file protein.txt (compact mmCIF, C-alpha atoms)
# COMPACT_ATOMS: atom_id res chain seq x y z
CA MET A 385 127.32 117.71 126.34
CA LEU A 386 125.51 115.16 128.48
CA LYS A 387 122.54 116.42 130.44
CA GLN A 388 120.55 114.87 133.23
CA LYS A 389 116.77 114.67 133.07
CA LYS A 390 114.23 113.82 135.75
CA ALA A 391 113.79 110.13 136.50
CA GLY A 392 111.60 108.34 133.97
CA ILE A 393 112.22 110.86 131.21
CA LYS A 394 114.38 109.63 128.38
CA LEU A 395 116.88 111.91 126.74
CA PHE A 396 117.66 110.31 123.39
CA VAL A 397 116.13 108.79 120.29
CA VAL A 398 118.73 106.33 119.03
CA ASP A 399 119.55 106.45 115.32
CA THR A 400 121.00 103.62 113.20
CA TYR A 401 124.14 105.72 112.74
CA ALA A 402 124.78 105.85 116.51
CA LEU A 403 124.24 102.09 116.84
CA PHE A 404 126.76 101.44 114.07
CA GLU A 405 129.29 103.86 115.58
CA TRP A 406 129.14 102.03 118.89
CA LEU A 407 128.42 98.37 118.09
CA VAL A 408 130.42 98.14 114.84
CA TYR A 409 133.15 100.79 115.05
CA ASN A 410 133.53 100.99 118.85
CA ASN A 411 133.69 104.78 118.62
CA GLN A 412 134.51 105.79 122.20
CA LYS A 413 132.76 109.15 121.81
CA TYR A 414 129.49 107.22 122.09
CA LYS A 415 130.37 105.25 125.24
CA LYS A 416 129.10 107.88 127.69
CA TYR A 417 125.83 108.13 125.78
CA PHE A 418 125.20 104.40 125.89
CA GLU A 419 126.12 104.32 129.60
CA GLN A 420 123.44 106.94 130.14
CA ILE A 421 121.02 104.96 127.98
CA ASP A 422 121.69 101.79 130.02
CA ASN A 423 120.73 103.69 133.17
CA GLU A 424 117.91 105.91 131.95
CA GLY A 425 116.63 104.24 128.80
CA ALA A 426 115.98 105.87 125.43
CA TYR A 427 113.63 105.58 122.47
CA ILE A 428 114.05 103.68 119.23
CA THR A 429 111.55 103.57 116.41
CA GLU A 430 110.25 100.42 114.75
CA LEU A 431 111.78 101.62 111.47
CA VAL A 432 115.30 101.91 112.93
CA LEU A 433 114.90 98.53 114.61
CA MET A 434 113.78 97.02 111.30
CA GLU A 435 116.67 98.37 109.24
CA PHE A 436 119.21 97.54 111.97
CA TYR A 437 117.88 93.98 112.41
CA HIS A 438 117.89 93.48 108.65
CA LYS A 439 121.51 94.60 108.32
CA ILE A 440 122.77 92.32 111.11
CA PHE A 441 120.68 89.40 109.83
CA HIS A 442 122.03 89.92 106.32
CA GLU A 443 125.68 90.21 107.37
CA GLU A 444 125.94 88.08 110.53
CA GLY A 445 122.96 85.70 110.52
CA LYS A 446 119.85 85.14 112.59
CA GLU A 447 121.46 84.22 115.92
CA LYS A 448 123.50 87.43 116.20
CA ALA A 449 120.60 89.51 114.90
CA GLU A 450 118.25 88.01 117.52
CA GLU A 451 120.80 88.59 120.32
CA ILE A 452 121.32 92.25 119.48
CA PHE A 453 117.60 92.83 118.88
CA HIS A 454 116.83 91.37 122.32
CA THR A 455 119.46 93.52 124.06
CA ILE A 456 118.32 96.71 122.37
CA THR A 457 114.61 96.17 122.95
CA THR A 458 115.07 95.33 126.63
CA LYS A 459 117.07 98.52 127.24
CA ILE A 460 115.45 100.94 124.80
CA GLU A 461 111.72 101.67 124.46
CA THR A 462 110.35 100.79 121.04
CA ILE A 463 108.16 103.51 119.52
CA LYS A 464 105.36 102.28 117.28
CA LEU A 465 103.88 104.06 114.33
CA ASN A 466 100.40 105.58 114.57
CA ALA A 467 98.32 107.84 112.31
CA GLU A 468 99.62 111.06 113.84
CA ARG A 469 103.27 109.98 113.61
CA ILE A 470 102.83 108.79 110.01
CA LYS A 471 101.41 112.18 108.97
CA LYS A 472 104.00 114.19 110.89
CA THR A 473 106.82 112.09 109.38
CA GLY A 474 105.51 112.66 105.86
CA GLU A 475 105.29 116.39 106.56
CA LYS A 476 108.75 116.44 108.11
CA ARG A 477 110.28 114.76 105.05
CA SER A 478 108.61 117.30 102.80
CA GLN A 479 109.99 120.14 104.93
CA MET A 480 113.48 118.60 104.89
CA LEU A 481 113.46 118.14 101.09
CA LYS A 482 112.53 121.80 100.68
CA GLU A 483 115.52 122.65 102.89
CA ARG A 484 117.67 120.39 100.66
CA LYS A 485 118.26 117.89 103.46
CA LYS A 486 118.32 114.28 102.27
CA LEU A 487 116.76 112.47 105.22
CA SER A 488 115.14 109.04 104.95
CA TYR A 489 111.67 108.26 106.32
CA ALA A 490 113.34 106.59 109.32
CA ASP A 491 115.43 109.74 109.93
CA CYS A 492 112.35 111.97 109.76
CA LEU A 493 110.41 109.72 112.13
CA ASN A 494 113.35 110.00 114.56
CA LEU A 495 113.01 113.80 114.50
CA VAL A 496 109.23 113.57 115.01
CA ILE A 497 109.66 111.27 118.02
CA ALA A 498 112.37 113.55 119.46
CA GLU A 499 110.05 116.56 119.20
CA GLU A 500 107.15 114.60 120.69
CA ASN A 501 109.20 113.52 123.72
CA LYS A 502 111.36 116.63 124.13
CA ALA A 503 114.35 114.38 123.47
CA LYS A 504 117.23 114.52 120.97
CA VAL A 505 118.19 112.25 118.10
CA LEU A 506 121.56 110.70 118.97
CA THR A 507 123.56 110.57 115.74
CA GLY A 508 126.65 111.63 113.85
CA ASP A 509 124.98 111.51 110.45
CA LYS A 510 126.00 114.70 108.67
CA GLU A 511 122.46 115.23 107.37
CA PHE A 512 121.41 115.96 110.98
CA LYS A 513 124.10 118.54 111.63
CA ASN A 514 122.63 121.81 112.95
CA LEU A 515 119.10 120.38 113.07
CA LYS A 516 116.94 121.04 116.14
CA ASN A 517 116.34 118.17 118.57
CA THR A 518 119.64 116.54 117.62
CA GLU A 519 122.60 115.45 119.74
CA PHE A 520 125.22 115.52 117.00
CA VAL A 521 128.36 113.59 117.86
CA GLU A 522 131.30 114.82 115.77
CA MET G 1291 131.96 67.48 137.39
CA VAL G 1292 129.66 70.49 137.25
CA LYS G 1293 126.27 69.86 138.81
CA GLU G 1294 123.51 70.80 136.38
CA VAL G 1295 120.39 70.82 138.56
CA PHE G 1296 120.06 72.85 141.74
CA GLU G 1297 117.31 73.24 144.27
CA THR G 1298 116.41 76.61 145.73
CA ARG G 1299 113.42 77.99 147.56
CA MET G 1300 111.48 81.22 147.58
CA SER G 1301 111.39 83.45 150.68
CA SER G 1302 108.23 85.04 152.09
CA LYS G 1303 109.16 88.18 150.07
CA GLY G 1304 109.37 86.23 146.80
CA GLN G 1305 113.17 86.30 146.70
CA ILE G 1306 115.06 83.38 145.21
CA ILE G 1307 118.81 82.82 145.46
CA ILE G 1308 120.68 81.98 142.28
CA VAL G 1309 123.26 79.45 143.42
CA GLN G 1310 126.92 80.42 143.33
CA GLU G 1311 127.81 77.83 140.68
CA ILE G 1312 125.31 79.31 138.21
CA ARG G 1313 126.37 82.88 139.06
CA GLU G 1314 129.98 82.01 138.38
CA ASN G 1315 129.26 80.00 135.23
CA LEU G 1316 127.26 82.88 133.74
CA GLY G 1317 129.50 85.63 135.13
CA LEU G 1318 126.60 87.25 136.99
CA LYS G 1319 127.52 90.06 139.37
CA GLU G 1320 125.62 92.07 141.98
CA LYS G 1321 122.95 94.41 140.51
CA GLN G 1322 122.65 92.33 137.33
CA LYS G 1323 119.23 93.05 135.79
CA PHE G 1324 116.98 90.34 134.36
CA ILE G 1325 113.90 90.11 132.24
CA GLU G 1326 111.55 87.80 134.15
CA ARG G 1327 108.84 85.89 132.30
CA THR G 1328 106.98 82.61 132.42
CA GLU G 1329 106.97 80.02 129.68
CA HIS G 1330 104.99 76.76 129.87
CA GLY G 1331 104.86 76.94 133.68
CA LYS G 1332 108.58 77.71 134.02
CA ILE G 1333 110.16 80.96 135.22
CA ILE G 1334 112.72 82.34 132.79
CA LEU G 1335 115.33 84.84 134.02
CA ASP G 1336 117.00 86.42 131.04
CA PRO G 1337 120.11 88.50 131.95
CA VAL G 1338 119.98 91.98 130.42
CA GLN G 1339 123.24 93.04 128.82
CA ASP G 1340 124.41 96.63 129.05
CA ILE G 1341 124.66 98.18 125.59
CA SER G 1342 127.57 100.30 126.85
CA LYS G 1343 129.60 97.09 127.25
CA LEU G 1344 129.04 95.95 123.68
CA GLY G 1345 131.25 98.44 121.84
CA GLY G 1346 132.65 96.75 118.71
CA ILE G 1347 130.62 93.53 119.10
CA LEU G 1348 129.65 93.77 115.41
CA LYS G 1349 133.10 94.85 114.16
CA LYS G 1350 133.11 92.24 111.36
CA MET G 1351 130.29 94.18 109.70
CA GLY G 1352 132.49 97.25 109.34
CA LYS G 1353 135.56 95.50 107.95
CA GLY G 1354 136.84 97.50 104.98
CA LYS G 1355 133.86 99.86 105.07
CA LYS G 1356 133.47 103.40 106.30
CA ILE G 1357 130.40 104.18 108.34
CA ALA G 1358 128.86 106.30 105.58
CA GLU G 1359 128.98 103.27 103.29
CA LEU G 1360 127.41 100.99 105.89
CA VAL G 1361 124.62 103.48 106.61
CA ALA G 1362 123.98 104.01 102.90
CA GLU G 1363 123.70 100.24 102.33
CA THR G 1364 121.29 99.94 105.25
CA LYS G 1365 119.07 102.80 104.18
CA GLU G 1366 119.07 102.14 100.43
CA GLY G 1367 115.68 100.42 100.63
CA TRP G 1368 114.05 103.71 101.63
CA ASP G 1369 115.22 105.72 98.62

call {"tool": "encode", "arguments": {"input": "protein.txt", "output": "structure tokens"}}
result
Amino acid sequence: MLKQKKAGIKLFVVDTYALFEWLVYNNQKYKKYFEQIDNEGAYITELVLMEFYHKIFHEEGKEKAEEIFHTITTKIETIKLNAERIKKTGEKRSQMLKERKKLSYADCLNLVIAEENKAKVLTGDKEFKNLKNTEFVE
Amino acid sequence: MVKEVFETRMSSKGQIIIVQEIRENLGLKEKQKFIERTEHGKIILDPVQDISKLGGILKKMGKGKKIAELVAETKEGWD
């Protein structure tokens, strides 16, 4: 369910899965989330940006990749890595592996950034189902 | 013939009018947001697209593939 937060506070950390669902598959369940993101912003990590840019570049070429990269980074705040986030991401991945969850480094960083900002990872990736700090779109 | 160069002036509040011909050519509507920057002494106004209006813009990438496959291909470098 969509919630409203105070002005200036962003609600979501956008995952690669959510970007694919909307920009590639036009999944209408995501429309309301991206409308909210257009108005209130969101967070995206450098790792998600990197893998998303790579995939578009590889499949569609530099021009399209540049266009989408520009649109995303003007609407969504890019979160950079730092020492604390690197350590927390490593610890999070260890915790997830022990819980038999197969999350990538980029996925774990998303969870760390969501916890840090009291936001939720926007995704439909089944590995996130029932995890805290996740807005899971079925 | 479409005129390519237009003259405009800045008000005391720093406001500049984008002429109707450019607005129509670029499909700019009221409340359109821009990224404003300078480059070599020129002012660049870059229209910001709404992500919510781009649903399916990359549909070619998903042709014949389920999302799980696309995500797996994208993330395989991390494994």

call {"tool": "atom_distance", "arguments": {"input": "protein.txt", "atom1": "atom CA of G:Phe1324", "atom2": "atom CA of A:Asn494"}}
result
28.1 Å

call {"tool": "closest_atom_pairs", "arguments": {"input": "protein.txt", "of": "chain A", "to": "chain G", "cutoff": "7 Å", "atoms": "all atoms listed in the file", "output": "tab-separated table"}}
result
residue	atom	partner	partner_atom	distance
A:Tyr401	CA	G:Val1361	CA	6.5
A:Trp406	CA	G:Gly1345	CA	5.1
A:Leu407	CA	G:Gly1346	CA	4.6
A:Val408	CA	G:Lys1349	CA	4.3
A:Tyr409	CA	G:Gly1346	CA	5.5
A:Asn410	CA	G:Gly1346	CA	4.3
A:Lys415	CA	G:Ser1342	CA	5.9
A:Phe418	CA	G:Ser1342	CA	4.8
A:Glu419	CA	G:Ser1342	CA	5.1
A:Asp422	CA	G:Asp1340	CA	5.9
A:Glu435	CA	G:Thr1364	CA	6.3
A:Lys439	CA	G:Thr1364	CA	6.2
A:Glu443	CA	G:Met1351	CA	6.5
A:Thr455	CA	G:Gln1339	CA	6.1
A:Ser488	CA	G:Trp1368	CA	6.4
A:Tyr489	CA	G:Trp1368	CA	7.0

call {"tool": "residues_around", "arguments": {"input": "protein.txt", "residues": "A:Ala490", "least_positions_apart": "4", "cutoff": "8 Å", "atoms": "all atoms listed in the file", "output": "PDB file with C-alpha atoms, in the coordinates of the input"}}
result
ATOM      1  CA  THR A 429     111.550 103.570 116.410  1.00  0.00           C
ATOM      2  CA  LEU A 431     111.780 101.620 111.470  1.00  0.00           C
ATOM      3  CA  VAL A 432     115.300 101.910 112.930  1.00  0.00           C
ATOM      4  CA  ASN A 494     113.350 110.000 114.560  1.00  0.00           C
TER       5      ASN A 494
END

call {"tool": "atom_distance", "arguments": {"input": "protein.txt", "atom1": "atom CA of A:Gln420", "atom2": "atom CA of A:Asp399"}}
result
15.3 Å

call {"tool": "atom_distance", "arguments": {"input": "protein.txt", "atom1": "atom CA of A:Asn423", "atom2": "atom CA of A:Ile456"}}
result
13.1 Å

call {"tool": "residues_near_point", "arguments": {"input": "protein.txt", "point": "(120.0, 108.2, 114.0)", "cutoff": "10 Å", "atoms": "only C-alpha atoms", "output": "JSON, numbers by chain"}}
result
{"A": [396, 397, 398, 399, 400, 401, 402, 403, 404, 428, 429, 432, 490, 491, 492, 493, 494, 495, 504, 505, 506, 507, 508, 509, 511, 512, 518, 519, 520], "G": [1361]}

call {"tool": "residues_around", "arguments": {"input": "protein.txt", "residues": "A:Glu450", "least_positions_apart": "6", "cutoff": "12 Å", "atoms": "all atoms listed in the file", "output": "compact mmCIF listing (two decimals) with C-alpha atoms, in the frame of the given file"}}
result
# COMPACT_ATOMS: atom_id res chain seq x y z
CA LEU A 433 114.90 98.53 114.61
CA MET A 434 113.78 97.02 111.30
CA PHE A 436 119.21 97.54 111.97
CA TYR A 437 117.88 93.98 112.41
CA HIS A 438 117.89 93.48 108.65
CA LYS A 439 121.51 94.60 108.32
CA ILE A 440 122.77 92.32 111.11
CA PHE A 441 120.68 89.40 109.83
CA HIS A 442 122.03 89.92 106.32
CA GLU A 444 125.94 88.08 110.53
CA ILE A 456 118.32 96.71 122.37
CA THR A 457 114.61 96.17 122.95

call {"tool": "residues_around", "arguments": {"input": "protein.txt", "residues": "A:Glu483", "least_positions_apart": "6", "cutoff": "12 Å", "atoms": "only C-alpha atoms", "output": "count of residues only"}}
result
4

call {"tool": "residues_around", "arguments": {"input": "protein.txt", "residues": "G:Ile1308", "least_positions_apart": "2", "cutoff": "12 Å", "atoms": "only C-alpha atoms", "output": "PyMOL selection string"}}
result
chain G and resi 1295-1300+1305-1306+1310-1320+1322+1335

call {"tool": "build_atoms", "arguments": {"input": "protein.txt", "residues": "stretch 1318-1348 of chain G", "atoms": "N, CA and C atoms", "output": "mmCIF file, in the coordinates of the input"}}
result
data_model
loop_
_atom_site.group_PDB
_atom_site.id
_atom_site.type_symbol
_atom_site.label_atom_id
_atom_site.label_comp_id
_atom_site.auth_asym_id
_atom_site.auth_seq_id
_atom_site.Cartn_x
_atom_site.Cartn_y
_atom_site.Cartn_z
ATOM 1 N N LEU G 1318 127.582 86.294 136.469
ATOM 2 C CA LEU G 1318 126.600 87.250 136.990
ATOM 3 C C LEU G 1318 127.158 87.947 138.224
ATOM 4 N N LYS G 1319 127.023 89.264 138.236
ATOM 5 C CA LYS G 1319 127.520 90.060 139.370
ATOM 6 C C LYS G 1319 126.333 90.748 140.054
ATOM 7 N N GLU G 1320 126.632 91.325 141.232
ATOM 8 C CA GLU G 1320 125.620 92.070 141.980
ATOM 9 C C GLU G 1320 124.992 93.154 141.081
ATOM 10 N N LYS G 1321 123.712 93.391 141.242
ATOM 11 C CA LYS G 1321 122.950 94.410 140.510
ATOM 12 C C LYS G 1321 122.662 94.036 139.055
ATOM 13 N N GLN G 1322 123.014 92.800 138.677
ATOM 14 C CA GLN G 1322 122.650 92.330 137.330
ATOM 15 C C GLN G 1322 121.131 92.422 137.177
ATOM 16 N N LYS G 1323 120.669 92.984 136.053
ATOM 17 C CA LYS G 1323 119.230 93.050 135.790
ATOM 18 C C LYS G 1323 118.805 91.851 134.947
ATOM 19 N N PHE G 1324 117.530 91.456 135.127
ATOM 20 C CA PHE G 1324 116.980 90.340 134.360
ATOM 21 C C PHE G 1324 115.619 90.723 133.789
ATOM 22 N N ILE G 1325 115.283 90.102 132.704
ATOM 23 C CA ILE G 1325 113.900 90.110 132.240
ATOM 24 C C ILE G 1325 113.295 88.826 132.784
ATOM 25 N N GLU G 1326 112.179 88.958 133.522
ATOM 26 C CA GLU G 1326 111.550 87.800 134.150
ATOM 27 C C GLU G 1326 110.250 87.499 133.404
ATOM 28 N N ARG G 1327 110.078 86.258 133.001
ATOM 29 C CA ARG G 1327 108.840 85.890 132.300
ATOM 30 C C ARG G 1327 108.533 84.422 132.566
ATOM 31 N N THR G 1328 107.320 84.025 132.262
ATOM 32 C CA THR G 1328 106.980 82.610 132.420
ATOM 33 C C THR G 1328 106.786 81.999 131.036
ATOM 34 N N GLU G 1329 107.114 80.729 130.950
ATOM 35 C CA GLU G 1329 106.970 80.020 129.680
ATOM 36 C C GLU G 1329 106.644 78.564 129.996
ATOM 37 N N HIS G 1330 105.447 78.138 129.623
ATOM 38 C CA HIS G 1330 104.990 76.760 129.870
ATOM 39 C C HIS G 1330 105.198 76.360 131.336
ATOM 40 N N GLY G 1331 104.793 77.249 132.247
ATOM 41 C CA GLY G 1331 104.860 76.940 133.680
ATOM 42 C C GLY G 1331 106.248 77.093 134.280
ATOM 43 N N LYS G 1332 107.231 77.516 133.488
ATOM 44 C CA LYS G 1332 108.580 77.710 134.020
ATOM 45 C C LYS G 1332 108.879 79.206 134.125
ATOM 46 N N ILE G 1333 109.747 79.557 135.081
ATOM 47 C CA ILE G 1333 110.160 80.960 135.220
ATOM 48 C C ILE G 1333 111.483 81.120 134.466
ATOM 49 N N ILE G 1334 111.508 82.075 133.559
ATOM 50 C CA ILE G 1334 112.720 82.340 132.790
ATOM 51 C C ILE G 1334 113.325 83.658 133.271
ATOM 52 N N LEU G 1335 114.593 83.617 133.653
ATOM 53 C CA LEU G 1335 115.330 84.840 134.020
ATOM 54 C C LEU G 1335 116.362 85.093 132.925
ATOM 55 N N ASP G 1336 116.142 86.128 132.181
ATOM 56 C CA ASP G 1336 117.000 86.420 131.040
ATOM 57 C C ASP G 1336 117.925 87.592 131.398
ATOM 58 N N PRO G 1337 119.232 87.385 131.580
ATOM 59 C CA PRO G 1337 120.110 88.500 131.950
ATOM 60 C C PRO G 1337 120.088 89.595 130.885
ATOM 61 N N VAL G 1338 119.976 90.839 131.346
ATOM 62 C CA VAL G 1338 119.980 91.980 130.420
ATOM 63 C C VAL G 1338 121.403 92.496 130.283
ATOM 64 N N GLN G 1339 121.884 92.534 129.060
ATOM 65 C CA GLN G 1339 123.240 93.040 128.820
ATOM 66 C C GLN G 1339 123.215 94.553 128.748
ATOM 67 N N ASP G 1340 124.277 95.188 129.222
ATOM 68 C CA ASP G 1340 124.410 96.630 129.050
ATOM 69 C C ASP G 1340 124.910 96.924 127.637
ATOM 70 N N ILE G 1341 124.227 97.821 126.948
ATOM 71 C CA ILE G 1341 124.660 98.180 125.590
ATOM 72 C C ILE G 1341 126.035 98.855 125.643
ATOM 73 N N SER G 1342 126.290 99.571 126.739
ATOM 74 C CA SER G 1342 127.570 100.300 126.850
ATOM 75 C C SER G 1342 128.765 99.352 126.956
ATOM 76 N N LYS G 1343 128.488 98.054 127.174
ATOM 77 C CA LYS G 1343 129.600 97.090 127.250
ATOM 78 C C LYS G 1343 129.763 96.319 125.944
ATOM 79 N N LEU G 1344 129.011 96.709 124.937
ATOM 80 C CA LEU G 1344 129.040 95.950 123.680
ATOM 81 C C LEU G 1344 129.755 96.678 122.547
ATOM 82 N N GLY G 1345 130.537 97.685 122.878
ATOM 83 C CA GLY G 1345 131.250 98.440 121.840
ATOM 84 C C GLY G 1345 132.092 97.519 120.955
ATOM 85 N N GLY G 1346 131.865 97.546 119.659
ATOM 86 C CA GLY G 1346 132.650 96.750 118.710
ATOM 87 C C GLY G 1346 132.199 95.316 118.542
ATOM 88 N N ILE G 1347 131.069 94.944 119.166
ATOM 89 C CA ILE G 1347 130.620 93.530 119.100
ATOM 90 C C ILE G 1347 130.291 93.102 117.662
ATOM 91 N N LEU G 1348 129.975 94.089 116.809
ATOM 92 C CA LEU G 1348 129.650 93.770 115.410
ATOM 93 C C LEU G 1348 130.768 94.229 114.454
#
